[in-house]
file work08.pdb (PDB, C-alpha atoms)
ATOM      1  CA  MET A 327      19.037-108.068  25.151  1.00  0.00           C
ATOM      2  CA  GLY A 328      20.043-107.580  28.740  1.00  0.00           C
ATOM      3  CA  GLU A 329      17.980-106.479  31.677  1.00  0.00           C
ATOM      4  CA  ASP A 330      19.669-103.065  31.747  1.00  0.00           C
ATOM      5  CA  GLU A 331      18.922-102.426  28.082  1.00  0.00           C
ATOM      6  CA  LEU A 332      15.266-103.337  28.587  1.00  0.00           C
ATOM      7  CA  ARG A 333      14.984-100.996  31.584  1.00  0.00           C
ATOM      8  CA  LEU A 334      16.664 -98.215  29.579  1.00  0.00           C
ATOM      9  CA  LEU A 335      14.234 -98.734  26.684  1.00  0.00           C
ATOM     10  CA  LYS A 336      11.263 -98.559  29.097  1.00  0.00           C
ATOM     11  CA  MET A 337      12.630 -95.356  30.636  1.00  0.00           C
ATOM     12  CA  ARG A 338      13.010 -93.741  27.189  1.00  0.00           C
ATOM     13  CA  LYS A 339       9.467 -94.700  26.255  1.00  0.00           C
ATOM     14  CA  MET A 340       8.144 -93.330  29.569  1.00  0.00           C
ATOM     15  CA  LEU A 341      10.013 -90.043  29.041  1.00  0.00           C
ATOM     16  CA  GLU A 342       8.631 -89.739  25.533  1.00  0.00           C
ATOM     17  CA  LEU A 343       5.058 -90.302  26.755  1.00  0.00           C
ATOM     18  CA  GLN A 344       5.576 -87.857  29.606  1.00  0.00           C
ATOM     19  CA  ARG A 345       6.862 -85.207  27.175  1.00  0.00           C
ATOM     20  CA  LYS A 346       3.815 -85.663  24.949  1.00  0.00           C
ATOM     21  CA  LEU A 347       1.480 -85.386  27.933  1.00  0.00           C
ATOM     22  CA  LEU A 348       3.185 -82.194  29.152  1.00  0.00           C
ATOM     23  CA  ALA A 349       3.037 -80.691  25.656  1.00  0.00           C
ATOM     24  CA  ARG A 350      -0.689 -81.449  25.449  1.00  0.00           C
ATOM     25  CA  GLU A 351      -1.308 -79.885  28.881  1.00  0.00           C
ATOM     26  CA  ALA A 352       0.741 -76.806  27.987  1.00  0.00           C
ATOM     27  CA  LYS A 353      -1.269 -76.372  24.798  1.00  0.00           C
ATOM     28  CA  ALA A 354      -4.492 -76.569  26.779  1.00  0.00           C
ATOM     29  CA  LEU A 355      -3.222 -73.940  29.222  1.00  0.00           C
ATOM     30  CA  ARG A 356      -2.212 -71.556  26.419  1.00  0.00           C
ATOM     31  CA  LYS A 357      -5.828 -71.055  25.498  1.00  0.00           C
ATOM     32  CA  GLU A 358      -6.409 -67.723  23.766  1.00  0.00           C
ATOM     33  CA  PRO A 359      -8.407 -65.150  25.707  1.00  0.00           C
ATOM     34  CA  ASP A 360     -11.892 -64.159  24.618  1.00  0.00           C
ATOM     35  CA  TYR A 361     -11.012 -61.100  22.532  1.00  0.00           C
ATOM     36  CA  TYR A 362     -14.663 -60.266  21.924  1.00  0.00           C
ATOM     37  CA  GLY A 363     -15.301 -60.189  25.680  1.00  0.00           C
ATOM     38  CA  VAL A 364     -12.213 -58.052  26.287  1.00  0.00           C
ATOM     39  CA  PHE A 365     -13.488 -55.551  23.727  1.00  0.00           C
ATOM     40  CA  LEU A 366     -16.925 -55.387  25.357  1.00  0.00           C
ATOM     41  CA  GLU A 367     -15.335 -54.755  28.767  1.00  0.00           C
ATOM     42  CA  HIS A 368     -13.663 -51.613  27.410  1.00  0.00           C
ATOM     43  CA  LEU A 369     -16.854 -49.947  26.136  1.00  0.00           C
ATOM     44  CA  THR A 370     -18.847 -47.271  27.898  1.00  0.00           C
ATOM     45  CA  ASP A 371     -22.628 -47.632  28.109  1.00  0.00           C
ATOM     46  CA  ASP A 372     -23.218 -45.447  25.061  1.00  0.00           C
ATOM     47  CA  GLY A 373     -20.341 -47.238  23.311  1.00  0.00           C
ATOM     48  CA  LYS A 374     -22.141 -50.537  23.875  1.00  0.00           C
ATOM     49  CA  GLU A 375     -25.324 -49.097  22.377  1.00  0.00           C
ATOM     50  CA  MET A 376     -23.418 -47.867  19.329  1.00  0.00           C
ATOM     51  CA  PHE A 377     -21.741 -51.246  18.937  1.00  0.00           C
ATOM     52  CA  LYS A 378     -25.151 -52.961  19.129  1.00  0.00           C
ATOM     53  CA  LYS A 379     -26.330 -50.772  16.247  1.00  0.00           C
ATOM     54  CA  ALA A 380     -23.191 -51.664  14.291  1.00  0.00           C
ATOM     55  CA  LEU A 381     -23.741 -55.328  15.099  1.00  0.00           C
ATOM     56  CA  SER A 382     -27.307 -55.196  13.792  1.00  0.00           C
ATOM     57  CA  GLN A 383     -26.246 -53.439  10.578  1.00  0.00           C
ATOM     58  CA  TYR A 384     -22.946 -55.237   9.884  1.00  0.00           C
ATOM     59  CA  PRO A 385     -22.893 -58.474  11.950  1.00  0.00           C
ATOM     60  CA  GLN A 386     -19.832 -60.164  10.449  1.00  0.00           C
ATOM     61  CA  VAL A 387     -17.762 -57.004  10.166  1.00  0.00           C
ATOM     62  CA  ALA A 388     -18.645 -55.886  13.694  1.00  0.00           C
ATOM     63  CA  LYS A 389     -17.559 -59.217  15.185  1.00  0.00           C
ATOM     64  CA  ARG A 390     -14.237 -59.125  13.349  1.00  0.00           C
ATOM     65  CA  VAL A 391     -13.629 -55.526  14.407  1.00  0.00           C
ATOM     66  CA  ALA A 392     -14.454 -56.388  18.024  1.00  0.00           C
ATOM     67  CA  GLU A 393     -12.047 -59.344  18.012  1.00  0.00           C
ATOM     68  CA  ALA A 394      -9.286 -57.277  16.394  1.00  0.00           C
ATOM     69  CA  LEU A 395      -9.681 -54.476  18.937  1.00  0.00           C
ATOM     70  CA  GLY A 396      -9.851 -56.993  21.787  1.00  0.00           C
ATOM     71  CA  ARG A 397      -6.582 -58.514  20.559  1.00  0.00           C
ATOM     72  CA  LEU A 398      -5.006 -55.027  20.554  1.00  0.00           C
ATOM     73  CA  TYR A 399      -6.190 -54.506  24.130  1.00  0.00           C
ATOM     74  CA  VAL A 400      -4.638 -57.816  25.208  1.00  0.00           C
ATOM     75  CA  LEU A 401      -1.356 -56.902  23.499  1.00  0.00           C
ATOM     76  CA  GLY A 402      -1.390 -53.521  25.249  1.00  0.00           C
ATOM     77  CA  ARG A 403      -1.468 -51.458  22.065  1.00  0.00           C
ATOM     78  CA  ILE A 404      -4.768 -49.814  23.045  1.00  0.00           C
ATOM     79  CA  ARG A 405      -5.599 -48.454  26.480  1.00  0.00           C
ATOM     80  CA  GLY A 406      -8.611 -46.743  27.933  1.00  0.00           C
ATOM     81  CA  ILE A 407     -12.278 -47.069  27.153  1.00  0.00           C
ATOM     82  CA  LEU A 408     -14.214 -46.497  23.949  1.00  0.00           C
ATOM     83  CA  ASP A 409     -17.286 -44.289  23.847  1.00  0.00           C
ATOM     84  CA  ALA A 410     -19.996 -44.068  21.179  1.00  0.00           C
ATOM     85  CA  ARG A 411     -18.174 -41.396  19.190  1.00  0.00           C
ATOM     86  CA  THR A 412     -15.022 -43.498  18.993  1.00  0.00           C
ATOM     87  CA  VAL A 413     -16.912 -46.647  17.980  1.00  0.00           C
ATOM     88  CA  TYR A 414     -18.744 -44.686  15.286  1.00  0.00           C
ATOM     89  CA  GLY A 415     -15.432 -43.223  14.082  1.00  0.00           C
ATOM     90  CA  ILE A 416     -13.790 -46.645  13.848  1.00  0.00           C
ATOM     91  CA  PHE A 417     -16.581 -48.037  11.696  1.00  0.00           C
ATOM     92  CA  TYR A 418     -16.698 -44.869   9.597  1.00  0.00           C
ATOM     93  CA  GLU A 419     -12.958 -45.027   8.922  1.00  0.00           C
ATOM     94  CA  ILE A 420     -13.069 -48.639   7.721  1.00  0.00           C
ATOM     95  CA  GLY A 421     -15.914 -47.828   5.335  1.00  0.00           C
ATOM     96  CA  TYR A 422     -18.943 -49.053   7.293  1.00  0.00           C
ATOM     97  CA  PRO A 423     -20.721 -45.971   8.657  1.00  0.00           C
ATOM     98  CA  ILE A 424     -23.323 -46.760  11.282  1.00  0.00           C
ATOM     99  CA  ARG A 425     -26.725 -45.397  10.303  1.00  0.00           C
ATOM    100  CA  LEU A 426     -28.369 -43.583  13.189  1.00  0.00           C
ATOM    101  CA  GLU A 427     -32.002 -42.697  13.648  1.00  0.00           C
ATOM    102  CA  THR A 428     -32.397 -38.942  13.503  1.00  0.00           C
ATOM    103  CA  ARG A 429     -35.527 -36.941  14.138  1.00  0.00           C
ATOM    104  CA  ILE A 430     -36.285 -33.291  13.830  1.00  0.00           C
ATOM    105  CA  VAL A 431     -38.703 -32.101  16.481  1.00  0.00           C
ATOM    106  CA  TYR A 432     -40.629 -28.890  16.857  1.00  0.00           C
ATOM    107  CA  LYS A 433     -41.293 -27.451  20.297  1.00  0.00           C
ATOM    108  CA  LYS A 434     -43.962 -24.880  20.888  1.00  0.00           C
ATOM    109  CA  LYS A 435     -45.491 -24.030  24.248  1.00  0.00           C
ATOM    110  CA  GLY A 436     -44.147 -27.208  25.855  1.00  0.00           C
ATOM    111  CA  GLU A 437     -45.573 -29.421  23.128  1.00  0.00           C
ATOM    112  CA  VAL A 438     -43.121 -31.590  21.179  1.00  0.00           C
ATOM    113  CA  LYS A 439     -44.020 -32.723  17.684  1.00  0.00           C
ATOM    114  CA  THR A 440     -42.041 -34.280  14.882  1.00  0.00           C
ATOM    115  CA  ILE A 441     -41.879 -32.546  11.529  1.00  0.00           C
ATOM    116  CA  SER A 442     -44.048 -35.248   9.946  1.00  0.00           C
ATOM    117  CA  GLU A 443     -46.779 -34.722  12.581  1.00  0.00           C
ATOM    118  CA  LEU A 444     -46.604 -30.978  12.060  1.00  0.00           C
ATOM    119  CA  LEU A 445     -46.964 -31.335   8.286  1.00  0.00           C
ATOM    120  CA  LYS A 446     -49.904 -33.724   8.658  1.00  0.00           C
ATOM    121  CA  GLU A 447     -51.731 -31.211  10.865  1.00  0.00           C
ATOM    122  CA  GLU A 448     -51.323 -28.461   8.289  1.00  0.00           C
ATOM    123  CA  ASP A 449     -53.139 -30.506   5.609  1.00  0.00           C
TER     124      ASP A 449
END

call {"tool": "encode", "arguments": {"input": "work08.pdb", "output": "structure tokens"}}
result
Amino acid sequence: MGEDELRLLKMRKMLELQRKLLAREAKALRKEPDYYGVFLEHLTDDGKEMFKKALSQYPQVAKRVAEALGRLYVLGRIRGILDARTVYGIFYEIGYPIRLETRIVYKKKGEVKTISELLKEED
């Protein structure tokens, strides 16, 4: 084996190692964005509250929905912000309605009472 062949073999090996290193660096740079964070950035204040309720009721489903919607935002298929009504509608459409606390109140002469308090007073 001559000196030129040895040098050529070293150069090939160096190029191969350099290619592997560049491929590894490129893979590290192509890190996927935080889809969950992107989704949260596109929520209004009341949308965040509604999503928190969905997260407490359906934790796994809510996370997957948030990541899917965040991915759609990154791809540019969704634009704008999401409010509470839209978040509720999304979960309702996929079969996971968000249960909301509802109260019926009675107002009389500036006094506010719930129906249960009013019924207790009548007894």

call {"tool": "atom_distance", "arguments": {"input": "work08.pdb", "atom1": "atom CA of A:Gly406", "atom2": "atom CA of A:Tyr422"}}
result
23.2 Å

call {"tool": "closest_atom_pairs", "arguments": {"input": "work08.pdb", "of": "stretch 408-443 of chain A", "to": "stretch 352-374 of chain A", "cutoff": "10 Å", "atoms": "only C-alpha atoms", "output": "CSV"}}
result
residue,atom,partner,partner_atom,distance
A:Leu408,CA,A:Leu369,CA,4.9
A:Asp409,CA,A:Gly373,CA,4.3
A:Ala410,CA,A:Gly373,CA,3.8
A:Arg411,CA,A:Gly373,CA,7.5
A:Thr412,CA,A:Gly373,CA,7.8
A:Val413,CA,A:Gly373,CA,6.4
A:Tyr414,CA,A:Gly373,CA,8.6

call {"tool": "atom_distance", "arguments": {"input": "work08.pdb", "atom1": "atom CA of A:Tyr418", "atom2": "atom CA of A:Ala388"}}
result
11.9 Å

call {"tool": "resolve_selection", "arguments": {"input": "work08.pdb", "expression": "the PyMOL selection byres ((chain A and resi 389) around 12)", "output": "ChimeraX atom specification"}}
result
/A:361-363,365-366,377-378,380-388,390-396,417

call {"tool": "atom_distance", "arguments": {"input": "work08.pdb", "atom1": "atom CA of A:Leu332", "atom2": "atom CA of A:Arg350"}}
result
27.3 Å

call {"tool": "closest_residue", "arguments": {"input": "work08.pdb", "among": "A:Leu334, A:Leu445, A:Met340, A:Ile404", "to": "A:Tyr432", "atoms": "all atoms listed in the file"}}
result
A:Leu445

call {"tool": "axis_aligned_box", "arguments": {"input": "work08.pdb", "around": "stretch 391-401 of chain A", "padding_each_side": "8 Å", "output": "lines of an AutoDock Vina configuration file"}}
result
center_x = -7.9
center_y = -56.9
center_z = 19.8
size_x = 29.1
size_y = 20.9
size_z = 26.8

call {"tool": "closest_residue", "arguments": {"input": "work08.pdb", "among": "A:Arg397, A:Arg338, A:Lys379, A:Arg345", "to": "A:Glu427", "atoms": "all atoms listed in the file"}}
result
A:Lys379

call {"tool": "decode", "arguments": {"input": "work08.pdb", "residues": "chain A", "atoms": "C-alpha atoms", "output": "PDB file, in the first residue's frame"}}
result
ATOM      1  CA  MET A 327       0.000   0.000   0.000  1.00  0.00           C
ATOM      2  CA  GLY A 328       1.459   3.306  -1.037  1.00  0.00           C
ATOM      3  CA  GLU A 329       1.533   6.575   0.807  1.00  0.00           C
ATOM      4  CA  ASP A 330      -1.076   8.091  -1.518  1.00  0.00           C
ATOM      5  CA  GLU A 331      -3.497   5.224  -0.957  1.00  0.00           C
ATOM      6  CA  LEU A 332      -3.124   5.543   2.813  1.00  0.00           C
ATOM      7  CA  ARG A 333      -3.774   9.298   2.668  1.00  0.00           C
ATOM      8  CA  LEU A 334      -6.822   8.694   0.451  1.00  0.00           C
ATOM      9  CA  LEU A 335      -8.180   6.101   2.899  1.00  0.00           C
ATOM     10  CA  LYS A 336      -7.717   8.552   5.808  1.00  0.00           C
ATOM     11  CA  MET A 337      -9.506  11.289   3.859  1.00  0.00           C
ATOM     12  CA  ARG A 338     -12.465   8.977   3.127  1.00  0.00           C
ATOM     13  CA  LYS A 339     -12.713   7.997   6.777  1.00  0.00           C
ATOM     14  CA  MET A 340     -12.560  11.664   7.847  1.00  0.00           C
ATOM     15  CA  LEU A 341     -15.311  12.580   5.363  1.00  0.00           C
ATOM     16  CA  GLU A 342     -17.481   9.746   6.615  1.00  0.00           C
ATOM     17  CA  LEU A 343     -17.055  10.853  10.244  1.00  0.00           C
ATOM     18  CA  GLN A 344     -17.720  14.462   9.292  1.00  0.00           C
ATOM     19  CA  ARG A 345     -20.927  13.453   7.482  1.00  0.00           C
ATOM     20  CA  LYS A 346     -22.133  11.530  10.531  1.00  0.00           C
ATOM     21  CA  LEU A 347     -21.375  14.478  12.803  1.00  0.00           C
ATOM     22  CA  LEU A 348     -23.245  16.902  10.522  1.00  0.00           C
ATOM     23  CA  ALA A 349     -26.224  14.538  10.328  1.00  0.00           C
ATOM     24  CA  ARG A 350     -26.334  14.307  14.127  1.00  0.00           C
ATOM     25  CA  GLU A 351     -26.166  18.110  14.471  1.00  0.00           C
ATOM     26  CA  ALA A 352     -28.880  18.593  11.847  1.00  0.00           C
ATOM     27  CA  LYS A 353     -31.124  16.152  13.693  1.00  0.00           C
ATOM     28  CA  ALA A 354     -30.591  18.069  16.917  1.00  0.00           C
ATOM     29  CA  LEU A 355     -31.474  21.343  15.186  1.00  0.00           C
ATOM     30  CA  ARG A 356     -34.677  19.905  13.694  1.00  0.00           C
ATOM     31  CA  LYS A 357     -36.191  19.625  17.130  1.00  0.00           C
ATOM     32  CA  GLU A 358     -39.988  19.702  17.025  1.00  0.00           C
ATOM     33  CA  PRO A 359     -41.645  22.776  18.504  1.00  0.00           C
ATOM     34  CA  ASP A 360     -43.637  22.566  21.712  1.00  0.00           C
ATOM     35  CA  TYR A 361     -47.106  22.085  20.224  1.00  0.00           C
ATOM     36  CA  TYR A 362     -48.765  22.239  23.633  1.00  0.00           C
ATOM     37  CA  GLY A 363     -47.165  25.635  24.290  1.00  0.00           C
ATOM     38  CA  VAL A 364     -48.170  26.913  20.851  1.00  0.00           C
ATOM     39  CA  PHE A 365     -51.767  25.931  21.580  1.00  0.00           C
ATOM     40  CA  LEU A 366     -51.749  27.725  24.938  1.00  0.00           C
ATOM     41  CA  GLU A 367     -50.394  30.892  23.297  1.00  0.00           C
ATOM     42  CA  HIS A 368     -53.449  31.027  21.026  1.00  0.00           C
ATOM     43  CA  LEU A 369     -56.058  30.944  23.812  1.00  0.00           C
ATOM     44  CA  THR A 370     -57.887  33.908  25.264  1.00  0.00           C
ATOM     45  CA  ASP A 371     -58.150  34.237  29.044  1.00  0.00           C
ATOM     46  CA  ASP A 372     -61.584  32.621  29.156  1.00  0.00           C
ATOM     47  CA  GLY A 373     -60.356  30.008  26.664  1.00  0.00           C
ATOM     48  CA  LYS A 374     -57.564  29.112  29.083  1.00  0.00           C
ATOM     49  CA  GLU A 375     -60.084  28.726  31.903  1.00  0.00           C
ATOM     50  CA  MET A 376     -62.249  26.461  29.755  1.00  0.00           C
ATOM     51  CA  PHE A 377     -59.221  24.400  28.768  1.00  0.00           C
ATOM     52  CA  LYS A 378     -58.260  24.049  32.450  1.00  0.00           C
ATOM     53  CA  LYS A 379     -61.724  22.629  33.141  1.00  0.00           C
ATOM     54  CA  ALA A 380     -61.321  20.233  30.213  1.00  0.00           C
ATOM     55  CA  LEU A 381     -57.877  19.279  31.481  1.00  0.00           C
ATOM     56  CA  SER A 382     -59.246  18.483  34.936  1.00  0.00           C
ATOM     57  CA  GLN A 383     -62.095  16.385  33.511  1.00  0.00           C
ATOM     58  CA  TYR A 384     -60.285  14.664  30.618  1.00  0.00           C
ATOM     59  CA  PRO A 385     -56.505  14.968  31.227  1.00  0.00           C
ATOM     60  CA  GLN A 386     -55.212  12.606  28.537  1.00  0.00           C
ATOM     61  CA  VAL A 387     -57.702  13.663  25.885  1.00  0.00           C
ATOM     62  CA  ALA A 388     -57.152  17.364  26.576  1.00  0.00           C
ATOM     63  CA  LYS A 389     -53.379  17.033  26.182  1.00  0.00           C
ATOM     64  CA  ARG A 390     -53.736  15.186  22.884  1.00  0.00           C
ATOM     65  CA  VAL A 391     -56.229  17.748  21.596  1.00  0.00           C
ATOM     66  CA  ALA A 392     -53.919  20.598  22.619  1.00  0.00           C
ATOM     67  CA  GLU A 393     -50.947  19.010  20.838  1.00  0.00           C
ATOM     68  CA  ALA A 394     -53.003  18.323  17.706  1.00  0.00           C
ATOM     69  CA  LEU A 395     -54.284  21.903  17.575  1.00  0.00           C
ATOM     70  CA  GLY A 396     -50.793  23.251  18.271  1.00  0.00           C
ATOM     71  CA  ARG A 397     -49.480  21.192  15.349  1.00  0.00           C
ATOM     72  CA  LEU A 398     -52.208  22.685  13.120  1.00  0.00           C
ATOM     73  CA  TYR A 399     -51.175  26.175  14.224  1.00  0.00           C
ATOM     74  CA  VAL A 400     -47.532  25.451  13.364  1.00  0.00           C
ATOM     75  CA  LEU A 401     -48.545  24.104   9.946  1.00  0.00           C
ATOM     76  CA  GLY A 402     -50.637  27.226   9.338  1.00  0.00           C
ATOM     77  CA  ARG A 403     -53.939  25.392   8.971  1.00  0.00           C
ATOM     78  CA  ILE A 404     -55.481  27.293  11.897  1.00  0.00           C
ATOM     79  CA  ARG A 405     -55.175  31.020  12.487  1.00  0.00           C
ATOM     80  CA  GLY A 406     -56.500  33.346  15.123  1.00  0.00           C
ATOM     81  CA  ILE A 407     -57.242  32.808  18.773  1.00  0.00           C
ATOM     82  CA  LEU A 408     -59.599  30.413  20.520  1.00  0.00           C
ATOM     83  CA  ASP A 409     -62.100  31.606  23.098  1.00  0.00           C
ATOM     84  CA  ALA A 410     -64.038  29.582  25.677  1.00  0.00           C
ATOM     85  CA  ARG A 411     -66.960  28.928  23.343  1.00  0.00           C
ATOM     86  CA  THR A 412     -64.678  27.515  20.662  1.00  0.00           C
ATOM     87  CA  VAL A 413     -62.779  25.308  23.119  1.00  0.00           C
ATOM     88  CA  TYR A 414     -66.074  24.002  24.497  1.00  0.00           C
ATOM     89  CA  GLY A 415     -67.315  23.353  20.948  1.00  0.00           C
ATOM     90  CA  ILE A 416     -64.182  21.415  20.006  1.00  0.00           C
ATOM     91  CA  PHE A 417     -64.498  19.099  22.989  1.00  0.00           C
ATOM     92  CA  TYR A 418     -68.246  18.739  22.455  1.00  0.00           C
ATOM     93  CA  GLU A 419     -67.762  17.764  18.811  1.00  0.00           C
ATOM     94  CA  ILE A 420     -65.236  15.029  19.613  1.00  0.00           C
ATOM     95  CA  GLY A 421     -67.574  13.541  22.214  1.00  0.00           C
ATOM     96  CA  TYR A 422     -66.131  14.942  25.448  1.00  0.00           C
ATOM     97  CA  PRO A 423     -68.460  17.727  26.605  1.00  0.00           C
ATOM     98  CA  ILE A 424     -67.000  19.884  29.344  1.00  0.00           C
ATOM     99  CA  ARG A 425     -69.246  19.937  32.400  1.00  0.00           C
ATOM    100  CA  LEU A 426     -69.736  23.460  33.693  1.00  0.00           C
ATOM    101  CA  GLU A 427     -70.931  24.576  37.086  1.00  0.00           C
ATOM    102  CA  THR A 428     -74.308  26.234  36.737  1.00  0.00           C
ATOM    103  CA  ARG A 429     -76.291  27.984  39.421  1.00  0.00           C
ATOM    104  CA  ILE A 430     -79.720  29.478  39.445  1.00  0.00           C
ATOM    105  CA  VAL A 431     -79.922  32.567  41.616  1.00  0.00           C
ATOM    106  CA  TYR A 432     -82.857  34.555  42.879  1.00  0.00           C
ATOM    107  CA  LYS A 433     -82.586  38.310  43.292  1.00  0.00           C
ATOM    108  CA  LYS A 434     -84.999  40.249  45.412  1.00  0.00           C
ATOM    109  CA  LYS A 435     -84.413  43.731  46.788  1.00  0.00           C
ATOM    110  CA  GLY A 436     -80.672  43.552  46.113  1.00  0.00           C
ATOM    111  CA  GLU A 437     -80.310  40.235  47.911  1.00  0.00           C
ATOM    112  CA  VAL A 438     -78.925  37.305  45.907  1.00  0.00           C
ATOM    113  CA  LYS A 439     -79.764  33.772  46.966  1.00  0.00           C
ATOM    114  CA  THR A 440     -79.396  30.415  45.296  1.00  0.00           C
ATOM    115  CA  ILE A 441     -82.451  28.259  44.755  1.00  0.00           C
ATOM    116  CA  SER A 442     -81.258  25.782  47.392  1.00  0.00           C
ATOM    117  CA  GLU A 443     -80.951  28.572  50.000  1.00  0.00           C
ATOM    118  CA  LEU A 444     -84.395  29.847  49.087  1.00  0.00           C
ATOM    119  CA  LEU A 445     -85.939  26.386  49.463  1.00  0.00           C
ATOM    120  CA  LYS A 446     -84.227  25.839  52.819  1.00  0.00           C
ATOM    121  CA  GLU A 447     -85.675  29.106  54.145  1.00  0.00           C
ATOM    122  CA  GLU A 448     -89.194  28.088  53.174  1.00  0.00           C
ATOM    123  CA  ASP A 449     -89.025  24.923  55.322  1.00  0.00           C
TER     124      ASP A 449
END
